Structures are given as C-alpha cells and as structure tokens.
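K.L.:
Just one file: protein-v6.txt, with compact mmCIF, C-alpha atoms and all ligand atoms.
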# COMPACT_ATOMS: atom_id res chain seq x y z
CA MET A 16 -1.83 -1.48 6.05
CA ALA A 17 0.54 -1.99 8.99
CA GLY A 18 -2.38 -2.27 11.40
CA LEU A 19 -4.01 -4.79 9.14
CA ALA A 20 -0.84 -6.85 8.90
CA THR A 21 -0.59 -6.95 12.68
CA ALA A 22 -4.21 -7.93 12.93
CA THR A 23 -3.63 -10.67 10.37
CA ALA A 24 -0.85 -12.18 12.42
CA ALA A 25 -2.94 -12.09 15.56
CA ALA A 26 -5.93 -13.56 13.82
CA THR A 27 -3.88 -16.29 12.19
CA ALA A 28 -2.64 -17.38 15.55
CA ALA A 29 -6.15 -17.85 16.85
CA ALA A 30 -8.11 -21.07 16.65
CA GLY A 31 -10.08 -22.16 13.60
CA VAL A 32 -13.75 -21.63 13.08
CA ALA A 33 -16.53 -24.07 13.82
CA GLY A 34 -18.36 -25.81 11.04
CA GLU A 35 -18.28 -28.78 8.71
CA ALA A 36 -15.07 -30.35 7.54
CA ALA A 37 -13.78 -28.52 4.50
CA ALA A 38 -12.95 -30.18 1.22
CA ALA A 39 -10.17 -27.72 0.45
CA PRO A 40 -7.48 -25.84 2.33
CA ARG A 41 -8.52 -22.93 4.46
CA SER A 42 -6.91 -20.48 6.75
CA ARG A 43 -7.36 -21.19 10.42
CA HIS A 44 -7.74 -17.77 11.90
CA ARG A 45 -10.85 -16.54 13.58
CA GLY A 46 -12.74 -13.44 12.49
CA ALA A 47 -14.91 -13.11 15.54
CA SER A 48 -15.00 -10.01 17.74
CA ARG A 49 -17.53 -8.63 20.17
CA LEU A 50 -18.64 -5.00 20.15
CA GLY A 51 -20.84 -2.41 21.88
CA PRO A 52 -23.72 -1.76 21.47
CA PRO A 53 -24.00 0.81 20.15
CA CYS A 54 -21.69 -0.33 17.40
CA VAL A 55 -21.25 -0.41 13.65
CA ILE A 56 -19.31 -2.67 11.30
CA SER A 57 -18.71 -2.49 7.58
CA THR A 58 -16.90 -4.11 4.71
CA TRP A 59 -13.40 -3.28 3.47
CA ASP A 60 -10.82 -0.70 4.46
CA PHE A 61 -12.97 2.20 3.40
CA GLY A 62 -15.46 1.04 6.02
CA VAL A 63 -13.31 2.75 8.65
CA ALA A 64 -14.24 6.25 7.44
CA ALA A 65 -17.83 5.21 6.84
CA ASN A 66 -18.08 3.78 10.36
CA GLN A 67 -16.96 7.07 11.83
CA ALA A 68 -19.81 8.91 10.12
CA ALA A 69 -22.20 6.26 11.42
CA TRP A 70 -20.67 6.54 14.87
CA ALA A 71 -21.35 10.27 14.96
CA VAL A 72 -25.04 9.34 14.77
CA LEU A 73 -24.91 6.42 17.22
CA ALA A 74 -22.84 8.30 19.80
CA ARG A 75 -25.47 10.98 20.15
CA GLY A 76 -28.19 8.38 20.64
CA GLY A 77 -29.33 8.26 17.03
CA THR A 78 -30.98 5.27 15.41
CA ALA A 79 -29.16 2.45 13.67
CA LEU A 80 -31.10 3.33 10.53
CA ASP A 81 -29.86 6.93 10.51
CA ALA A 82 -26.37 5.67 11.29
CA VAL A 83 -26.10 3.23 8.39
CA GLU A 84 -27.49 5.75 5.94
CA ALA A 85 -24.98 8.38 7.08
CA GLY A 86 -22.16 5.85 6.93
CA ALA A 87 -23.00 4.51 3.50
CA ARG A 88 -23.05 8.02 2.08
CA VAL A 89 -19.34 8.42 2.81
CA PRO A 90 -17.97 6.04 0.15
CA GLU A 91 -20.82 7.08 -2.17
CA ALA A 92 -19.34 10.58 -2.16
CA ASP A 93 -15.68 9.55 -2.22
CA LEU A 94 -14.24 10.24 -5.66
CA LYS A 95 -11.28 7.96 -4.92
CA ASN A 96 -13.64 5.04 -4.59
CA HIS A 97 -14.51 3.61 -7.99
CA SER A 98 -16.84 0.92 -6.75
CA VAL A 99 -19.50 2.85 -4.85
CA GLY A 100 -21.57 5.87 -5.79
CA ARG A 101 -20.19 8.84 -7.71
CA ALA A 102 -17.03 7.99 -9.65
CA GLY A 103 -18.04 4.31 -9.70
CA TYR A 104 -16.82 2.57 -12.82
CA PRO A 105 -19.50 2.34 -15.49
CA ASP A 106 -21.02 -0.57 -17.32
CA ARG A 107 -19.49 -1.62 -20.61
CA ASP A 108 -21.55 1.00 -22.47
CA GLY A 109 -20.35 3.83 -20.24
CA HIS A 110 -23.33 4.22 -17.89
CA VAL A 111 -22.67 4.54 -14.17
CA SER A 112 -25.52 2.57 -12.59
CA LEU A 113 -25.88 2.14 -8.86
CA ASP A 114 -27.47 -0.48 -6.62
CA ALA A 115 -28.36 -0.02 -2.94
CA SER A 116 -30.55 -1.41 -0.19
CA ILE A 117 -31.44 -0.53 3.37
CA MET A 118 -33.32 -2.41 6.09
CA ASP A 119 -34.46 -1.46 9.57
CA ALA A 120 -35.25 -3.19 12.83
CA ARG A 121 -38.90 -3.74 11.99
CA GLY A 122 -38.25 -5.56 8.75
CA ASN A 123 -38.95 -2.52 6.61
CA CYS A 124 -36.73 -2.38 3.57
CA GLY A 125 -36.13 -0.40 0.42
CA ALA A 126 -33.82 -0.70 -2.55
CA VAL A 127 -32.87 0.72 -5.91
CA ALA A 128 -31.14 -1.03 -8.79
CA GLY A 129 -29.61 0.32 -11.96
CA LEU A 130 -30.07 3.87 -10.70
CA GLU A 131 -28.34 6.47 -12.87
CA ASN A 132 -27.49 10.16 -12.38
CA ILE A 133 -28.25 10.20 -8.66
CA ALA A 134 -25.32 10.47 -6.27
CA HIS A 135 -26.72 8.86 -3.13
CA PRO A 136 -28.61 5.66 -3.93
CA ILE A 137 -28.71 4.64 -0.27
CA SER A 138 -30.85 7.67 0.54
CA VAL A 139 -33.13 6.92 -2.41
CA ALA A 140 -33.46 3.35 -1.13
CA ARG A 141 -34.52 4.74 2.22
CA ARG A 142 -37.16 6.90 0.53
CA VAL A 143 -38.44 3.83 -1.31
CA MET A 144 -38.78 2.17 2.09
CA GLU A 145 -40.43 5.10 3.81
CA LYS A 146 -42.47 6.78 1.09
CA THR A 147 -43.76 3.97 -1.12
CA PRO A 148 -45.58 0.66 -0.65
CA HIS A 149 -42.76 -1.00 -2.64
CA VAL A 150 -39.38 -2.50 -1.83
CA LEU A 151 -37.39 -2.17 -5.06
CA LEU A 152 -37.41 0.43 -7.83
CA VAL A 153 -35.19 0.00 -10.88
CA GLY A 154 -33.69 2.00 -13.72
CA ALA A 155 -35.59 4.94 -15.16
CA GLY A 156 -38.41 4.53 -12.66
CA ALA A 157 -36.00 4.70 -9.75
CA GLU A 158 -34.42 7.83 -11.21
CA GLN A 159 -37.83 9.44 -11.77
CA PHE A 160 -38.78 8.68 -8.17
CA ALA A 161 -35.50 10.11 -6.88
CA VAL A 162 -36.00 13.36 -8.79
CA GLU A 163 -39.57 13.61 -7.54
CA GLN A 164 -38.19 13.23 -4.03
CA GLY A 165 -35.85 16.16 -4.58
CA PHE A 166 -32.57 14.42 -5.39
CA PRO A 167 -30.64 16.35 -8.04
CA ARG A 168 -29.65 14.73 -11.32
CA GLU A 169 -25.85 14.76 -11.49
CA GLU A 170 -23.05 13.51 -13.69
CA LEU A 171 -21.55 10.52 -11.85
CA MET A 172 -18.73 9.75 -14.27
CA THR A 173 -15.46 11.47 -13.36
CA PRO A 174 -12.53 12.08 -15.72
CA GLU A 175 -10.66 9.27 -13.94
CA SER A 176 -13.42 6.73 -14.27
CA ARG A 177 -13.99 7.73 -17.90
CA ALA A 178 -10.28 7.24 -18.60
CA ALA A 179 -10.36 3.81 -16.97
CA TRP A 180 -13.43 2.81 -19.00
CA GLN A 181 -11.82 4.01 -22.24
CA ASP A 182 -8.73 2.05 -21.34
CA TRP A 183 -10.86 -1.05 -20.78
CA LEU A 184 -12.61 -0.55 -24.11
CA LYS A 185 -9.31 -1.26 -25.84
CA THR A 186 -9.54 -4.90 -24.81
CA HIS A 187 -13.16 -5.42 -23.80
CA ASP A 188 -11.85 -8.10 -21.49
CA TYR A 189 -14.43 -8.79 -18.79
CA HIS A 190 -12.75 -10.96 -16.23
CA PRO A 191 -13.35 -10.09 -12.58
CA LYS A 192 -10.34 -10.98 -10.50
CA ALA A 193 -10.55 -12.15 -6.93
CA ASN A 194 -8.77 -10.27 -4.23
CA SER A 195 -8.19 -6.95 -5.89
CA GLU A 196 -10.35 -5.21 -3.30
CA MET A 197 -7.39 -4.67 -1.01
CA GLY A 198 -5.44 -2.93 -3.76
CA THR A 199 -4.33 0.60 -4.08
CA TYR A 200 -7.26 2.71 -3.04
CA GLY A 201 -6.84 6.30 -4.15
CA LYS A 202 -4.17 5.73 -6.77
CA ALA A 203 -4.64 6.86 -10.32
CA PRO A 204 -6.62 4.25 -12.24
CA THR A 205 -3.78 3.66 -14.61
CA ALA A 206 -1.21 3.11 -11.86
CA ASP A 207 -2.24 -0.47 -11.26
CA PRO A 208 -4.50 -2.59 -13.41
CA LEU A 209 -6.29 -3.77 -10.30
CA GLY A 210 -6.24 -0.27 -8.81
CA THR A 211 -8.75 0.92 -6.31
CA PRO A 212 -10.94 -1.21 -4.07
CA GLY A 213 -12.89 -3.18 -6.53
CA GLY A 214 -10.24 -2.21 -9.09
CA LYS A 215 -11.17 -1.40 -12.61
CA ASP A 216 -11.42 -5.08 -13.51
CA ASN A 217 -13.37 -5.80 -10.44
CA HIS A 218 -16.01 -4.81 -8.01
CA ASP A 219 -16.65 -3.87 -4.47
CA THR A 220 -19.35 -2.83 -2.10
CA ILE A 221 -19.86 -1.29 1.26
CA GLY A 222 -22.15 -3.29 3.47
CA MET A 223 -22.76 -1.74 6.89
CA LEU A 224 -24.55 -3.15 9.94
CA ALA A 225 -25.29 -1.23 13.13
CA ILE A 226 -26.85 -1.68 16.55
CA ASP A 227 -28.03 1.46 18.31
CA ALA A 228 -28.29 2.27 22.00
CA HIS A 229 -31.83 0.85 22.09
CA GLY A 230 -30.53 -2.48 20.79
CA ASP A 231 -32.18 -2.02 17.39
CA LEU A 232 -30.40 -3.19 14.25
CA ALA A 233 -30.23 -1.77 10.74
CA GLY A 234 -28.19 -2.40 7.63
CA ALA A 235 -27.23 -0.69 4.39
CA CYS A 236 -25.48 -1.85 1.27
CA THR A 237 -24.43 0.29 -1.70
CA THR A 238 -22.32 -0.27 -4.81
CA SER A 239 -21.75 0.60 -8.44
CA GLY A 240 -21.57 -3.14 -9.02
CA MET A 241 -19.15 -4.91 -11.27
CA ALA A 242 -17.06 -2.59 -13.39
CA TRP A 243 -17.78 -3.09 -17.10
CA LYS A 244 -20.90 -5.16 -16.37
CA LEU A 245 -23.52 -5.71 -19.04
CA ARG A 246 -25.99 -2.85 -19.18
CA GLY A 247 -28.91 -3.79 -16.94
CA ARG A 248 -26.95 -6.23 -14.80
CA VAL A 249 -28.01 -6.15 -11.14
CA GLY A 250 -25.94 -7.70 -8.40
CA ASP A 251 -26.78 -8.88 -4.92
CA SER A 252 -26.52 -5.54 -3.14
CA PRO A 253 -30.09 -4.29 -3.80
CA ILE A 254 -31.64 -7.74 -3.37
CA ILE A 255 -33.00 -8.11 0.15
CA GLY A 256 -31.81 -11.44 1.51
CA ALA A 257 -28.87 -11.61 -0.89
CA GLY A 258 -26.67 -8.56 -0.28
CA LEU A 259 -28.32 -7.53 2.98
CA TYR A 260 -30.63 -8.92 5.60
CA VAL A 261 -31.65 -7.69 9.05
CA ASP A 262 -33.76 -9.50 11.61
CA ASN A 263 -33.99 -7.68 14.89
CA GLU A 264 -34.64 -10.92 16.79
CA VAL A 265 -31.41 -12.46 15.56
CA GLY A 266 -28.88 -10.25 13.83
CA ALA A 267 -27.86 -8.93 10.44
CA ALA A 268 -25.62 -9.85 7.54
CA THR A 269 -24.25 -8.33 4.37
CA SER A 270 -22.07 -9.47 1.52
CA THR A 271 -19.46 -8.31 -0.93
CA GLY A 272 -17.96 -9.92 -3.98
CA VAL A 273 -19.43 -11.58 -7.03
CA GLY A 274 -23.10 -10.85 -6.55
CA GLU A 275 -24.35 -13.59 -8.83
CA GLU A 276 -22.99 -16.22 -6.46
CA VAL A 277 -24.56 -14.50 -3.48
CA ILE A 278 -27.96 -14.27 -5.18
CA ARG A 279 -27.86 -17.96 -6.12
CA ASN A 280 -27.43 -18.84 -2.48
CA VAL A 281 -29.53 -16.04 -0.91
CA GLY A 282 -26.43 -15.42 1.13
CA SER A 283 -27.29 -12.80 3.73
CA PHE A 284 -30.64 -14.38 4.58
CA LEU A 285 -28.85 -17.69 4.93
CA VAL A 286 -26.34 -16.21 7.37
CA VAL A 287 -29.12 -14.72 9.52
CA GLU A 288 -31.13 -17.95 9.47
CA LEU A 289 -28.07 -19.93 10.51
CA MET A 290 -27.61 -17.53 13.41
CA ARG A 291 -31.27 -18.02 14.33
CA GLN A 292 -30.61 -21.74 14.51
CA GLY A 293 -27.86 -21.13 16.98
CA ARG A 294 -24.68 -20.63 15.01
CA SER A 295 -22.35 -17.83 15.90
CA PRO A 296 -21.99 -15.04 13.33
CA GLN A 297 -18.59 -16.48 12.45
CA ALA A 298 -19.83 -20.03 11.94
CA ALA A 299 -22.79 -18.74 9.93
CA CYS A 300 -20.52 -16.79 7.57
CA VAL A 301 -18.30 -19.84 7.16
CA GLU A 302 -21.23 -22.03 6.20
CA ALA A 303 -22.59 -19.48 3.71
CA VAL A 304 -19.20 -19.31 1.99
CA ARG A 305 -18.99 -23.10 1.88
CA ARG A 306 -22.41 -23.33 0.25
CA ILE A 307 -21.12 -21.16 -2.57
CA ILE A 308 -18.00 -23.24 -2.92
CA ARG A 309 -19.93 -26.53 -2.87
CA ARG A 310 -22.08 -25.31 -5.75
CA LYS A 311 -19.06 -24.24 -7.74
CA PRO A 312 -16.14 -26.37 -6.64
CA ASP A 313 -14.24 -25.88 -9.86
CA GLY A 314 -14.78 -22.15 -10.13
CA ALA A 315 -14.43 -21.07 -6.51
CA ARG A 316 -10.67 -20.57 -6.70
CA ASP A 317 -11.26 -17.57 -8.95
CA LEU A 318 -14.21 -16.12 -7.07
CA GLN A 319 -14.34 -13.70 -4.21
CA VAL A 320 -17.36 -13.48 -1.93
CA GLY A 321 -17.22 -12.24 1.63
CA PHE A 322 -19.88 -12.16 4.34
CA LEU A 323 -20.00 -9.92 7.39
CA ALA A 324 -22.48 -10.54 10.21
CA ILE A 325 -23.41 -9.38 13.68
CA ASN A 326 -25.84 -10.81 16.18
CA ARG A 327 -27.96 -8.98 18.71
CA ARG A 328 -25.28 -9.41 21.36
CA GLY A 329 -22.75 -7.57 19.22
CA GLU A 330 -20.76 -10.66 18.27
CA VAL A 331 -19.23 -10.22 14.84
CA GLY A 332 -18.30 -12.76 12.19
CA ALA A 333 -16.62 -12.43 8.82
CA TYR A 334 -15.46 -14.96 6.27
CA ALA A 335 -14.54 -14.94 2.60
CA ILE A 336 -13.64 -17.38 -0.14
CA GLN A 337 -10.26 -15.75 -0.70
CA SER A 338 -7.97 -14.00 1.72
CA GLY A 339 -7.78 -10.25 1.42
CA PHE A 340 -11.27 -9.33 2.63
CA SER A 341 -11.20 -6.83 5.49
CA TYR A 342 -13.86 -5.34 7.72
CA ALA A 343 -14.05 -2.25 9.87
CA LEU A 344 -15.28 -2.24 13.48
CA CYS A 345 -16.47 0.64 15.63
CA ASP A 346 -17.89 0.99 19.11
CA ALA A 347 -17.39 3.17 22.16
CA ARG A 348 -13.97 1.66 22.81
CA ARG A 349 -12.53 2.15 19.36
CA GLN A 350 -13.84 3.83 16.25
CA ASP A 351 -11.21 2.83 13.70
CA GLY A 352 -10.87 -0.91 14.04
CA LEU A 353 -9.90 -2.85 10.93
CA MET A 354 -9.59 -6.63 10.75
CA PRO A 355 -8.66 -9.14 8.09
CA ALA A 356 -11.37 -11.72 7.55
CA PRO A 357 -10.38 -15.36 7.62
CA SER A 358 -10.92 -17.20 4.38
CA PHE A 359 -11.52 -20.61 2.88
CA TYR A 360 -8.42 -20.38 0.75
CA PRO A 361 -5.43 -19.15 2.69
CA GLY A 362 -2.77 -16.93 1.22
CA PRO A 363 -1.54 -13.40 1.25
CA GLY A 364 -3.85 -10.63 0.14
CA PRO A 365 -2.95 -8.64 -2.94
CA ALA A 366 -2.09 -5.43 -1.10
C1 LIG A 401 -22.25 -6.83 -6.97
N1 LIG A 401 -21.63 -7.53 -4.74
O1 LIG A 401 -22.75 -5.99 -7.71
C2 LIG A 401 -21.86 -6.42 -5.61
C3 LIG A 401 -20.73 -5.50 -5.73
C4 LIG A 401 -19.53 -6.19 -5.74
O2 LIG A 401 -17.70 -6.69 -4.41
O3 LIG A 401 -19.13 -6.67 -6.74
N2 LIG A 401 -18.91 -6.21 -4.59
O4 LIG A 401 -22.07 -8.00 -7.30
Just dump the structure as structure tokens.
Ligand code: SD4
P.N.:
Amino acid sequence: MAGLATATAAATAAAGVAGEAAAAPRSRHRGASRLGPPCVISTWDFGVAANQAAWAVLARGGTALDAVEAGARVPEADLKNHSVGRAGYPDRDGHVSLDASIMDARGNCGAVAGLENIAHPISVARRVMEKTPHVLLVGAGAEQFAVEQGFPREELMTPESRAAWQDWLKTHDYHPKANSEMGTYGKAPTADPLGTPGGKDNHDTIGMLAIDAHGDLAGACTTSGMAWKLRGRVGDSPIIGAGLYVDNEVGAATSTGVGEEVIRNVGSFLVVELMRQGRSPQAACVEAVRRIIRRKPDGARDLQVGFLAINRRGEVGAYAIQSGFSYALCDARRQDGLMPAPSFYPGPGPA
C-alpha cells in the first residue's frame, strides 16, 4: 500500500475536477492520467495483476477484446479473491452465482447473470456474444449454454468462502459497508470482518477497459456480486450500459460498488455519453457519481460506487462516492500502476 499512499498524496495535491458545484464535501484531487495506446486499466488493487495478463496480449499486438478477457480471468481464478469468480462469496442460500459482461469495438456484447458452477463467466459472456444472437443469458440457461460450449461444471465454493458464509448465517445481517474494498486482500476470512476486497459483508468487481495497438477499445466486467445477496439478485456488472459500456467512437466506462445504484442511473452509458458531449473521462465520472448522490442524498454517505473511464486518446478518469477506490493502469511505460481515485466524500480509506 506504500505506493498507493504516495500516489494519494500526489493526487491530493493536484487541482480539483471540473463539474457542477457540489452540495457536500469532496476531496479535491484529480484522478486523471493519460496512457498508451496500447493500454489497459482496471478497478481495484487486484487490477494490477489482471492488467499484466491483459498486457501480455496487447504487447504482442493482440486485440483489446482478447486482452480484457485474459485479464478478467485472473481474479476469476484467484482463490484469495472472494468477490470475483471461483471462491466468490455465495448468496444467502449458499449458491455462488456469477455475473459478467464483455463488449468490443463494434458494439458487440455478451453477458451472463446468475451463472453457477462455471469458473470463468467472462469467457462464457464472450461466447454469448460470438456464438448466439443474444446479449444476456441467465441462471440455468446460461449454465446449460456454458456446458454445451465445453466449459466444465466445477464447485466454486471453497472451504474459506463456506466458512465465511456459515459465519454470516449466525447473524443473517445483510448490510453492505462502503469502503471495505481496500481491506485485507488474501487474509483469512475470519481475520477481519471486512476482509478481502469486497469483504464478506460487501462486494467488489473487476471492470477492465483496454485500447489495442489498432486503437480499438474493449471492456470486460466480472463479479460474484454482493456477498449474501438474495438468491436471483443481479447487479450492474452484466447489464450493458450499467456496469460496462464501450463506444469505439468515444471511449469506455465501467463501474464497481452497489450495483442497484448504478443500474438506476445507467451509469457506464452515462459516463460514455458525457464523454461524447465533450467532457473528459474524469469530469464524466464525477457527474455520474453526483447523479447517484442527487437521487439518494440521505443514503449516499453509506454507499460506495466508483466509475472508471477511458477515452479514445487514452485519457483516464476515475471517481467514487467514498474514498478508498483504487484503479490499476498499464501501458508500455509502466505495467503496474496503481492510483487512488478521488471521491465525493473525502477521508482516509479503510486499508
Ligand atoms: C454488483 N457492482 O453486483 C457489482 C459488484 C459489486 O463492488 O458489488 N462491486 O453490484
């Protein structure tokens, strides 16, 4: 976290973001950077490792689509990550159900929601995009399609995630807490009640956006959604325009946090449309966050939503309701960049 702390200080010293006057306090640091192309960015600390897998594709001239799929598969396979893919925390009834979406430069998109027993939902989402006339498959139908496509059925619950679920069952207290995403990734689930990214009382997602050497964009988003969610609950991540949106003429955006708030505001589409109208990625992310806050002024203090965006020129923006959101940056100059996102409400992150 030392690198992140240094980056926080540097970012805090920078000027504030453009946009409307805020009705509440906000931090004044700037999240903007400019990258590549080719380049790739993604949400949260674990985006650093994911970016490197994506970079391996981009650096050899591969497509942005191949890059984001390869990158998103990294946290999906990481057993220390309890918010994406295998080892994701289950719903309240003990089912691990996964949501993912992918979108390419030509506006093609595919998604799965409530997918069970399949370890790489991002790759199933890509098959939906490439092999079917549909955009979104859900639940048992998504699983059937995945098996037909050759994906093995696997147990996604690990002993650690089962222990955390059984611990939660003692209280049945469903209360997502903001800002736990920067917690103690990789620690035992009982070591800290907010534990891993997206901690056991919380949520988290990897959203990844890339530009390849041809200047084409693509995006991917994958998550196990809110820990202890109601069975059947679907968040923003597999909803095109909410958790992910790519427009090759303009740029791309993705989101993390409480998906219901992102869906209500069609967050990622909003960010891209604001960029189309001339806003920088940073200003667009700021406005999308403020829309959420304006709709829920009383509840926003307890919510976390973060947006990450990039435009065709490689300019990056990131902004969240609460401090503590981070994003990973990667291009030819540096493959392991990690930045704190500025936020509407200032304050130290939880890490
Ligand atoms: C969701 N946004 O399901 C996703 C995952 C998440 O922090 O909670 N991310 O709402």
K.L.:
Pick out the closest residue to ligand LIG 401 (chain A) from this set: A:His187, A:Arg142, A:Lys311, A:His97. Count all atoms listed in the file.
P.N.:
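For ligand LIG 401 (chain A), the nearest of the given residues is A:His97.
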K.L.:
So which residues are near ligand LIG 401 (chain A), meaning at most 8 Å away with all atoms listed in the file counted, given back as a list in words?
P.N.:
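The distance check yields Ser98, Asp114, Glu196, Gly213, Asn217, His218, Asp219, Thr220, Ile221, Thr237, Thr238, Ser239, Gly240, Met241, Val249, Gly250, Asp251, Ser252, Gly258, Ser270, Thr271, Gly272, Val273, Gly274, Glu275, Val277, Gln319 and Val320 of chain A.
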K.L.:
May I ask which of the residues A:Ala102, A:Ala79, A:Ile255, A:Met354 is the closest one to A:Asp60, counting only C-alpha atoms?
P.N.:
A:Met354
K.L.:
Of the residues A:Trp70, A:Phe359, A:Tyr334, A:Phe166, which is the one nearest to A:Ala134, using only C-alpha atoms?
P.N.:
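Selected residue with least distance to A:Ala134: A:Phe166.
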K.L.:
I need the residue nearest A:Glu131 from this list: A:Val287, A:Val162, A:Ala155, A:Leu50. Use all atoms listed in the file for the distance.
P.N.:
A:Ala155
K.L.:
So the first atom is atom CA of A:Arg49 and the second is atom CA of A:Arg328; what is the distance between them in Å, to one decimal place?
P.N.:
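So the two atoms, atom CA of A:Arg49 and atom CA of A:Arg328, lie 7.9 Å apart.
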K.L.:
So which one's closest to A:Ala324, A:Ile254, A:Val83, A:Thr58, A:Leu94? Using only C-alpha atoms, please.
P.N.:
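Closest candidate: A:Thr58.
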K.L.:
From the options A:Ala161, A:Val63, A:Leu171, A:Ala140, which residue's atoms come nearest to A:Ala92, counting all atoms listed in the file?
P.N.:
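Once distances to A:Ala92 are computed over all atoms listed in the file, the minimum belongs to A:Leu171.
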K.L.:
Could you name the residues that touch stretch 144-150 of chain A at 6 Å or less, counting all atoms listed in the file, but leaving out those on the same chain fewer than 6 positions away, as a ChimeraX atom specification?
P.N.:
/A:124-126
K.L.:
With 8 Å as the threshold, what does the neighbourhood of (-33.1, -14.8, -4.3) contain in terms of residues, counting all atoms listed in the file? Coordinates are those of the file; answer as a PyMOL selection string.
P.N.:
chain A and resi 254+256-257+278-281
